[in-house]
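Colleague: Below is data.txt; it holds compact mmCIF, C-alpha atoms.
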```txt
# COMPACT_ATOMS: atom_id res chain seq x y z
CA MET A 19 0.00 0.00 0.00
CA ASN A 20 1.40 3.37 -1.04
CA VAL A 21 -0.30 5.98 1.14
CA SER A 22 1.33 8.83 -0.81
CA GLU A 23 -0.89 7.94 -3.78
CA MET A 24 -4.14 8.03 -1.81
CA ARG A 25 -6.16 11.03 -2.96
CA HIS A 26 -9.74 12.18 -2.94
CA GLU A 27 -11.02 15.08 -5.01
CA TYR A 28 -13.33 17.23 -2.90
CA GLY A 29 -15.97 19.46 -4.38
CA GLY A 30 -19.36 18.94 -2.77
CA GLY A 31 -19.98 22.39 -1.33
CA SER A 32 -18.80 25.86 -0.43
CA LEU A 33 -18.60 28.03 2.66
CA ARG A 34 -18.96 31.82 2.99
CA PRO A 35 -18.49 34.04 6.05
CA GLU A 36 -22.21 34.80 6.11
CA ASP A 37 -22.95 31.06 6.35
CA VAL A 38 -21.76 30.97 9.97
CA ALA A 39 -24.05 33.91 10.80
CA ARG A 40 -21.65 35.03 13.57
CA ASP A 41 -23.16 32.29 15.73
CA PRO A 42 -20.77 29.32 15.59
CA ILE A 43 -22.74 27.16 18.01
CA ALA A 44 -25.86 27.48 15.86
CA THR A 45 -23.76 26.69 12.78
CA LEU A 46 -22.28 23.62 14.47
CA ALA A 47 -25.77 22.45 15.48
CA ARG A 48 -26.95 22.85 11.89
CA TRP A 49 -23.94 20.98 10.50
CA LEU A 50 -24.51 18.15 13.01
CA GLU A 51 -28.12 17.85 11.88
CA GLU A 52 -27.11 17.87 8.21
CA ALA A 53 -24.48 15.19 8.86
CA ALA A 54 -27.09 13.00 10.54
CA GLU A 55 -29.52 13.53 7.67
CA ALA A 56 -26.75 12.56 5.22
CA GLY A 57 -26.36 9.23 6.99
CA GLN A 58 -23.05 9.98 8.71
CA ARG A 59 -22.46 7.32 11.36
CA GLU A 60 -22.22 8.86 14.84
CA PRO A 61 -22.09 12.47 13.63
CA ASN A 62 -21.58 13.56 17.25
CA ALA A 63 -18.23 11.74 17.49
CA MET A 64 -15.38 14.16 18.14
CA ALA A 65 -11.66 13.87 18.76
CA LEU A 66 -10.69 15.37 22.13
CA GLY A 67 -7.14 16.59 22.61
CA THR A 68 -5.71 17.20 26.08
CA LEU A 69 -2.32 17.80 27.68
CA ALA A 70 -1.04 15.55 30.44
CA PRO A 71 0.67 17.23 33.42
CA ASP A 72 4.06 16.30 31.93
CA GLY A 73 3.15 18.11 28.67
CA ARG A 74 2.42 14.94 26.69
CA PRO A 75 -0.46 15.47 24.21
CA THR A 76 -3.21 12.86 24.00
CA VAL A 77 -6.15 12.51 21.59
CA ARG A 78 -9.14 10.17 21.78
CA MET A 79 -12.68 9.99 20.42
CA VAL A 80 -15.62 10.95 22.65
CA LEU A 81 -19.30 11.62 21.94
CA LEU A 82 -20.92 15.04 22.11
CA LYS A 83 -23.94 14.75 24.39
CA GLY A 84 -24.94 18.37 24.91
CA LEU A 85 -24.79 21.51 22.77
CA ASP A 86 -26.24 24.87 23.75
CA ALA A 87 -25.19 28.46 24.38
CA ARG A 88 -23.07 27.30 27.33
CA GLY A 89 -20.87 25.04 25.19
CA LEU A 90 -20.29 21.41 24.22
CA SER A 91 -20.59 18.65 26.80
CA PHE A 92 -19.48 15.02 27.00
CA TYR A 93 -19.47 12.39 29.76
CA THR A 94 -16.78 10.11 31.11
CA HIS A 95 -15.23 8.65 34.24
CA LEU A 96 -13.92 11.51 36.36
CA GLU A 97 -10.77 9.58 37.33
CA SER A 98 -9.92 8.62 33.75
CA PRO A 99 -6.70 9.94 32.20
CA LYS A 100 -8.64 12.50 30.16
CA SER A 101 -10.34 13.87 33.27
CA ARG A 102 -7.05 14.04 35.15
CA ASP A 103 -5.54 15.90 32.18
CA ILE A 104 -8.45 18.36 32.16
CA ARG A 105 -8.17 19.10 35.87
CA ALA A 106 -4.47 19.86 35.42
CA GLU A 107 -4.93 21.85 32.19
CA PRO A 108 -8.54 22.77 31.30
CA ARG A 109 -7.70 24.09 27.83
CA VAL A 110 -8.68 21.46 25.25
CA ALA A 111 -9.28 21.04 21.52
CA LEU A 112 -12.03 19.16 19.65
CA THR A 113 -12.34 18.06 16.03
CA PHE A 114 -15.40 16.81 14.16
CA TRP A 115 -15.05 15.14 10.74
CA TRP A 116 -18.01 14.33 8.47
CA GLU A 117 -16.74 12.46 5.42
CA ARG A 118 -20.15 12.37 3.72
CA LEU A 119 -20.35 16.18 3.68
CA GLU A 120 -16.59 16.81 3.25
CA ARG A 121 -16.66 18.98 6.36
CA GLN A 122 -14.55 19.47 9.45
CA VAL A 123 -15.02 21.63 12.54
CA ARG A 124 -12.29 22.39 15.06
CA VAL A 125 -13.11 23.84 18.48
CA GLU A 126 -10.81 25.26 21.14
CA GLY A 127 -11.91 26.18 24.64
CA ARG A 128 -11.75 25.57 28.37
CA CYS A 129 -13.44 22.72 30.23
CA ALA A 130 -15.68 23.14 33.25
CA PRO A 131 -17.47 20.31 35.11
CA VAL A 132 -21.11 19.60 34.38
CA ASP A 133 -23.11 19.91 37.61
CA ASP A 134 -24.46 16.83 39.39
CA ALA A 135 -28.10 17.46 38.49
CA GLU A 136 -27.30 17.62 34.78
CA ALA A 137 -25.07 14.53 34.98
CA ASP A 138 -27.84 12.64 36.81
CA ALA A 139 -30.39 13.63 34.16
CA TYR A 140 -28.17 12.37 31.37
CA PHE A 141 -27.14 9.17 33.17
CA VAL A 142 -30.71 8.05 33.83
CA GLN A 143 -31.59 8.24 30.12
CA ARG A 144 -28.72 5.94 29.09
CA PRO A 145 -29.56 2.31 28.24
CA ARG A 146 -29.61 0.15 31.38
CA ARG A 147 -26.59 -1.96 30.39
CA SER A 148 -24.61 1.18 29.59
CA ARG A 149 -25.32 2.42 33.11
CA LEU A 150 -24.22 -0.92 34.53
CA GLY A 151 -21.12 -0.78 32.36
CA ALA A 152 -20.18 2.57 33.88
CA LEU A 153 -20.30 0.90 37.29
CA ALA A 154 -18.38 -2.17 36.14
CA SER A 155 -15.50 -0.44 34.36
CA ARG A 156 -12.64 1.33 36.09
CA GLN A 157 -11.81 3.19 32.92
CA SER A 158 -8.24 2.85 31.59
CA GLU A 159 -7.02 0.86 34.60
CA PRO A 160 -5.27 -2.47 33.83
CA ILE A 161 -7.55 -5.50 34.05
CA GLU A 162 -6.61 -9.17 34.26
CA SER A 163 -8.95 -10.37 31.50
CA ARG A 164 -12.22 -9.80 29.68
CA ALA A 165 -13.74 -12.47 31.94
CA VAL A 166 -13.10 -10.30 35.01
CA LEU A 167 -15.02 -7.40 33.43
CA GLU A 168 -17.92 -9.65 32.44
CA GLN A 169 -18.03 -11.11 35.95
CA ARG A 170 -18.29 -7.60 37.42
CA LEU A 171 -21.16 -6.84 35.03
CA ALA A 172 -22.98 -10.06 35.98
CA GLU A 173 -22.66 -9.22 39.68
CA LEU A 174 -24.02 -5.75 39.11
CA GLU A 175 -26.95 -7.09 37.07
CA ALA A 176 -27.84 -9.30 40.02
CA LEU A 177 -27.48 -6.38 42.44
CA HIS A 178 -29.58 -4.07 40.24
CA PRO A 179 -32.19 -6.28 38.51
CA GLU A 180 -34.40 -5.08 35.68
CA GLY A 181 -36.81 -2.39 36.86
CA THR A 182 -34.63 -1.12 39.71
CA ASP A 183 -32.54 2.03 39.82
CA VAL A 184 -28.92 1.98 38.65
CA PRO A 185 -27.16 4.78 40.55
CA ARG A 186 -24.70 7.07 38.82
CA PRO A 187 -21.18 6.33 40.05
CA ARG A 188 -19.69 9.22 42.00
CA ASP A 189 -16.62 9.05 39.74
CA TRP A 190 -18.69 9.39 36.55
CA GLY A 191 -19.82 12.76 35.22
CA GLY A 192 -19.52 15.36 32.51
CA TRP A 193 -17.30 18.11 31.17
CA ARG A 194 -18.44 21.15 29.23
CA VAL A 195 -16.11 22.81 26.75
CA VAL A 196 -16.72 26.56 26.80
CA PRO A 197 -15.53 27.53 23.31
CA THR A 198 -13.20 30.41 22.51
CA ARG A 199 -12.48 29.54 18.88
CA PHE A 200 -14.06 27.57 16.04
CA GLU A 201 -12.74 26.71 12.61
CA PHE A 202 -15.19 25.57 9.93
CA TRP A 203 -13.72 23.70 6.94
CA GLN A 204 -15.45 22.74 3.69
CA GLY A 205 -13.63 20.61 1.13
CA ARG A 206 -13.23 22.20 -2.32
CA ARG A 207 -11.58 21.19 -5.58
CA ASP A 208 -7.82 21.41 -6.15
CA ARG A 209 -7.23 21.54 -2.38
CA LEU A 210 -8.44 25.15 -2.35
CA HIS A 211 -10.71 24.45 0.59
CA ASP A 212 -12.89 26.99 2.39
CA ARG A 213 -11.74 27.73 5.96
CA LEU A 214 -13.40 30.17 8.34
CA SER A 215 -12.01 31.05 11.75
CA VAL A 216 -14.57 32.25 14.33
CA GLU A 217 -13.00 33.65 17.50
CA ALA A 218 -14.51 35.07 20.65
CA SER A 219 -14.07 38.82 21.04
CA GLU A 220 -15.48 41.63 23.15
CA ASP A 221 -18.17 42.21 20.51
CA GLY A 222 -19.19 38.55 20.26
CA TRP A 223 -17.56 36.49 17.51
CA THR A 224 -15.11 37.62 14.83
CA VAL A 225 -15.16 35.74 11.52
CA ARG A 226 -12.08 35.57 9.29
CA ARG A 227 -11.38 33.60 6.13
CA LEU A 228 -8.16 31.59 6.23
CA SER A 229 -5.99 30.37 3.37
CA PRO A 230 -6.46 26.65 2.77
```
As structure tokens, what does this structure read like?
Modeller:
Amino acid sequence: MNVSEMRHEYGGGSLRPEDVARDPIATLARWLEEAAEAGQREPNAMALGTLAPDGRPTVRMVLLKGLDARGLSFYTHLESPKSRDIRAEPRVALTFWWERLERQVRVEGRCAPVDDAEADAYFVQRPRRSRLGALASRQSEPIESRAVLEQRLAELEALHPEGTDVPRPRDWGGWRVVPTRFEFWQGRRDRLHDRLSVEASEDGWTVRRLSP
């Protein structure tokens, strides 16, 4: 396989400064909806980049589970490596990629914890086995085998049978990224893509076109 010869010719759309309407969160919400309508699998999947206390960068995929004027929220174990990174350095970066629409969105901002009431409201709407899984898994910690994890899940299913409450673990919750910068990218022909930077300013949001 020669990766240097892999190419795709973009050309499905265009992007103008007025398209973001100086409201990047509304634009992101619209693009998410359009990606879902286009059949993009898990359009709310986003790469989350953090910095470890020793300065080591780390990126992983998480799922967007809240989007409003306050920012973008996701949920995870609060003692996971990503959460420890965020507590040490709350500045993070996100990237969405929607292949079907030839679009990318980058977001930069600072994380703040989602409050307990909001985390409880989200946790209770998760599928029952997902809630049990959050109790069973000590995220990112070494585990002896898959059988150990499945045994934990079986024990929890017996402890919390169908129809009973599954409590949210105290070490499971959410983070909200309060955005300071967006970059909207639309693939165009000849690699002359459209890129718009939208940055927070005293007057709201400032939109600038960037060279591709």
Colleague: Counting only C-alpha atoms, which residues of segment 83-183 of chain A sit at most 8 Å from some atom of segment 41-50 of chain A, and what is each one's closest atom pair with its distance in Å to one decimal, listed by chain and rising residue number, as CSV?
Modeller:
```
residue,atom,partner,partner_atom,distance
A:Leu85,CA,A:Ala47,CA,7.4
A:Asp86,CA,A:Ile43,CA,7.1
A:Ala87,CA,A:Ile43,CA,6.9
A:Gly89,CA,A:Ile43,CA,7.7
A:Val123,CA,A:Leu46,CA,7.8
```
Colleague: Take the residues that were just selected and, keeping C-alpha atoms, output them as an mmCIF file, in the coordinates of the input.
Modeller:
```cif
data_model
loop_
_atom_site.group_PDB
_atom_site.id
_atom_site.type_symbol
_atom_site.label_atom_id
_atom_site.label_comp_id
_atom_site.auth_asym_id
_atom_site.auth_seq_id
_atom_site.Cartn_x
_atom_site.Cartn_y
_atom_site.Cartn_z
ATOM 1 C CA LEU A 85 -24.790 21.510 22.770
ATOM 2 C CA ASP A 86 -26.240 24.870 23.750
ATOM 3 C CA ALA A 87 -25.190 28.460 24.380
ATOM 4 C CA GLY A 89 -20.870 25.040 25.190
ATOM 5 C CA VAL A 123 -15.020 21.630 12.540
#
```
Colleague: With the cut-off set at 9 Å and counting all atoms listed in the file, tabulate each residue of segment 89-137 of chain A with an atom at most that distance from an atom of segment 154-173 of chain A, showing the nearest atom pair and its distance in Å to one decimal, ordered by chain and increasing number, as a tab-separated table.
Modeller:
```
residue	atom	partner	partner_atom	distance
A:Thr94	CA	A:Gln157	CA	8.7
A:His95	CA	A:Gln157	CA	6.6
A:Glu97	CA	A:Gln157	CA	7.8
A:Ser98	CA	A:Gln157	CA	5.8
A:Pro99	CA	A:Ser158	CA	7.3
```
Colleague: Which neighbours of Gly222 of chain A fall inside 10 Å, counting all atoms listed in the file, when residues of the same chain fewer than 5 positions from it are skipped, and could you give them as a list in words?
Modeller: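 My reading of the contact set: Arg40, Asp41, Val216 and Glu217 of chain A.
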Colleague: Show which residues sit within 10 Å of Trp203 of chain A, as a compact mmCIF listing (two decimals) with C-alpha atoms, keeping the file's coordinate frame. Count only C-alpha atoms, and ignore same-chain residues fewer than 6 positions away.
Modeller:
```txt
# COMPACT_ATOMS: atom_id res chain seq x y z
CA SER A 32 -18.80 25.86 -0.43
CA LEU A 33 -18.60 28.03 2.66
CA TRP A 115 -15.05 15.14 10.74
CA GLU A 120 -16.59 16.81 3.25
CA ARG A 121 -16.66 18.98 6.36
CA GLN A 122 -14.55 19.47 9.45
CA VAL A 123 -15.02 21.63 12.54
CA ARG A 124 -12.29 22.39 15.06
CA HIS A 211 -10.71 24.45 0.59
CA ASP A 212 -12.89 26.99 2.39
CA ARG A 213 -11.74 27.73 5.96
CA LEU A 214 -13.40 30.17 8.34
CA SER A 215 -12.01 31.05 11.75
CA LEU A 228 -8.16 31.59 6.23
CA PRO A 230 -6.46 26.65 2.77
```
Colleague: Any idea what's packed within 10 Å of Arg146 of chain A, counting only C-alpha atoms, ignoring anything in its chain fewer than 3 positions away? Could you give it as a ChimeraX atom specification?
Modeller: /A:141-143,149-151,175,178-184
Colleague: Given all atoms listed in the file as the basis, pick out the residue of A:Phe202, A:Ala39, A:Glu52, A:Lys100 nearest to Ala65 of chain A.
Modeller: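 Checking each of A:Phe202, A:Ala39, A:Glu52, A:Lys100 against Ala65 of chain A, counting all atoms listed in the file, the winner is A:Lys100.
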Colleague: Please measure the separation of atom CA of Ala53 of chain A and atom CA of Leu119 of chain A, giving the value in Å to one decimal.
Modeller: 6.7 Å
Colleague: Using only C-alpha atoms, find each residue in segment 141-212 of chain A having at least one atom no more than 12 Å away from segment 103-106 of chain A; report its shortest atom-to-atom pair and that distance in Å (one decimal), rows by chain then rising number, as CSV.
Modeller:
```
residue,atom,partner,partner_atom,distance
A:Gly192,CA,A:Ile104,CA,11.5
A:Trp193,CA,A:Ile104,CA,8.9
A:Arg194,CA,A:Ile104,CA,10.8
A:Val195,CA,A:Ile104,CA,10.4
```
Colleague: Using only C-alpha atoms, which residue out of A:Asp208, A:Arg128, A:Ala137, A:Asp189 lies closest to Ala152 of chain A?
Modeller: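 For Ala152 of chain A, the nearest of the given residues is A:Asp189.
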Colleague: Do you have the atom CA of Glu60 of chain A-atom CA of Phe114 of chain A distance handy?
Modeller: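 Interatomic distance here is 10.5 Å.
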Colleague: Please, what distance in Å, to one decimal, runs between atom CA of Thr113 of chain A and atom CA of Val196 of chain A?
Modeller: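 Spanning atom CA of Thr113 of chain A to atom CA of Val196 of chain A is a straight-line distance of 14.4 Å.
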Colleague: Find the residues around Leu112 of chain A up to 7 Å (all atoms listed in the file counted), leave out those fewer than 6 positions away in its own chain, and share them as a PyMOL selection string.
Modeller: chain A and resi 64-67+124-126
Colleague: N, CA, C and O atoms are needed for segment 50-68 of chain A; please write them out as a short mmCIF file (atom, residue, chain, number, x, y, z; two decimals), in the coordinates of the input.
Modeller:
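The result, written out as out.cif:
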```cif
data_model
loop_
_atom_site.label_atom_id
_atom_site.label_comp_id
_atom_site.auth_asym_id
_atom_site.auth_seq_id
_atom_site.Cartn_x
_atom_site.Cartn_y
_atom_site.Cartn_z
N LEU A 50 -24.26 19.46 12.39
CA LEU A 50 -24.51 18.15 13.01
C LEU A 50 -25.80 17.53 12.47
O LEU A 50 -25.83 16.34 12.14
N GLU A 51 -26.84 18.35 12.38
CA GLU A 51 -28.12 17.85 11.88
C GLU A 51 -27.99 17.42 10.42
O GLU A 51 -28.51 16.37 10.02
N GLU A 52 -27.28 18.21 9.62
CA GLU A 52 -27.11 17.87 8.21
C GLU A 52 -26.27 16.61 8.05
O GLU A 52 -26.53 15.79 7.15
N ALA A 53 -25.28 16.41 8.91
CA ALA A 53 -24.48 15.19 8.86
C ALA A 53 -25.33 13.97 9.19
O ALA A 53 -25.21 12.91 8.56
N ALA A 54 -26.19 14.11 10.19
CA ALA A 54 -27.09 13.00 10.54
C ALA A 54 -28.04 12.69 9.40
O ALA A 54 -28.27 11.52 9.06
N GLU A 55 -28.59 13.73 8.79
CA GLU A 55 -29.52 13.53 7.67
C GLU A 55 -28.83 12.89 6.47
O GLU A 55 -29.46 12.18 5.69
N ALA A 56 -27.51 13.14 6.33
CA ALA A 56 -26.75 12.56 5.22
C ALA A 56 -26.35 11.11 5.49
O ALA A 56 -25.74 10.47 4.63
N GLY A 57 -26.67 10.60 6.66
CA GLY A 57 -26.36 9.23 6.99
C GLY A 57 -24.98 9.02 7.60
O GLY A 57 -24.51 7.88 7.67
N GLN A 58 -24.36 10.11 8.07
CA GLN A 58 -23.05 9.98 8.71
C GLN A 58 -23.20 9.17 10.00
O GLN A 58 -24.04 9.48 10.84
N ARG A 59 -22.40 8.13 10.14
CA ARG A 59 -22.46 7.32 11.36
C ARG A 59 -21.87 8.09 12.53
O ARG A 59 -20.79 8.66 12.43
N GLU A 60 -22.60 8.12 13.64
CA GLU A 60 -22.22 8.86 14.84
C GLU A 60 -21.68 10.25 14.51
O GLU A 60 -20.51 10.57 14.74
N PRO A 61 -22.54 11.12 13.98
CA PRO A 61 -22.09 12.47 13.63
C PRO A 61 -21.63 13.28 14.83
O PRO A 61 -20.93 14.28 14.67
N ASN A 62 -22.00 12.85 16.04
CA ASN A 62 -21.58 13.56 17.25
C ASN A 62 -20.25 13.07 17.79
O ASN A 62 -19.82 13.49 18.87
N ALA A 63 -19.56 12.19 17.06
CA ALA A 63 -18.23 11.74 17.49
C ALA A 63 -17.22 12.86 17.27
O ALA A 63 -17.22 13.52 16.22
N MET A 64 -16.36 13.09 18.25
CA MET A 64 -15.38 14.16 18.14
C MET A 64 -14.07 13.73 18.79
O MET A 64 -14.06 13.02 19.80
N ALA A 65 -12.97 14.13 18.18
CA ALA A 65 -11.66 13.87 18.76
C ALA A 65 -11.39 14.93 19.82
O ALA A 65 -11.54 16.13 19.57
N LEU A 66 -10.99 14.48 21.01
CA LEU A 66 -10.69 15.37 22.13
C LEU A 66 -9.19 15.33 22.39
O LEU A 66 -8.63 14.27 22.67
N GLY A 67 -8.55 16.49 22.32
CA GLY A 67 -7.14 16.59 22.61
C GLY A 67 -6.90 17.27 23.94
O GLY A 67 -7.48 18.33 24.22
N THR A 68 -6.06 16.64 24.77
CA THR A 68 -5.71 17.20 26.08
C THR A 68 -4.19 17.17 26.25
O THR A 68 -3.48 16.52 25.49
#
```
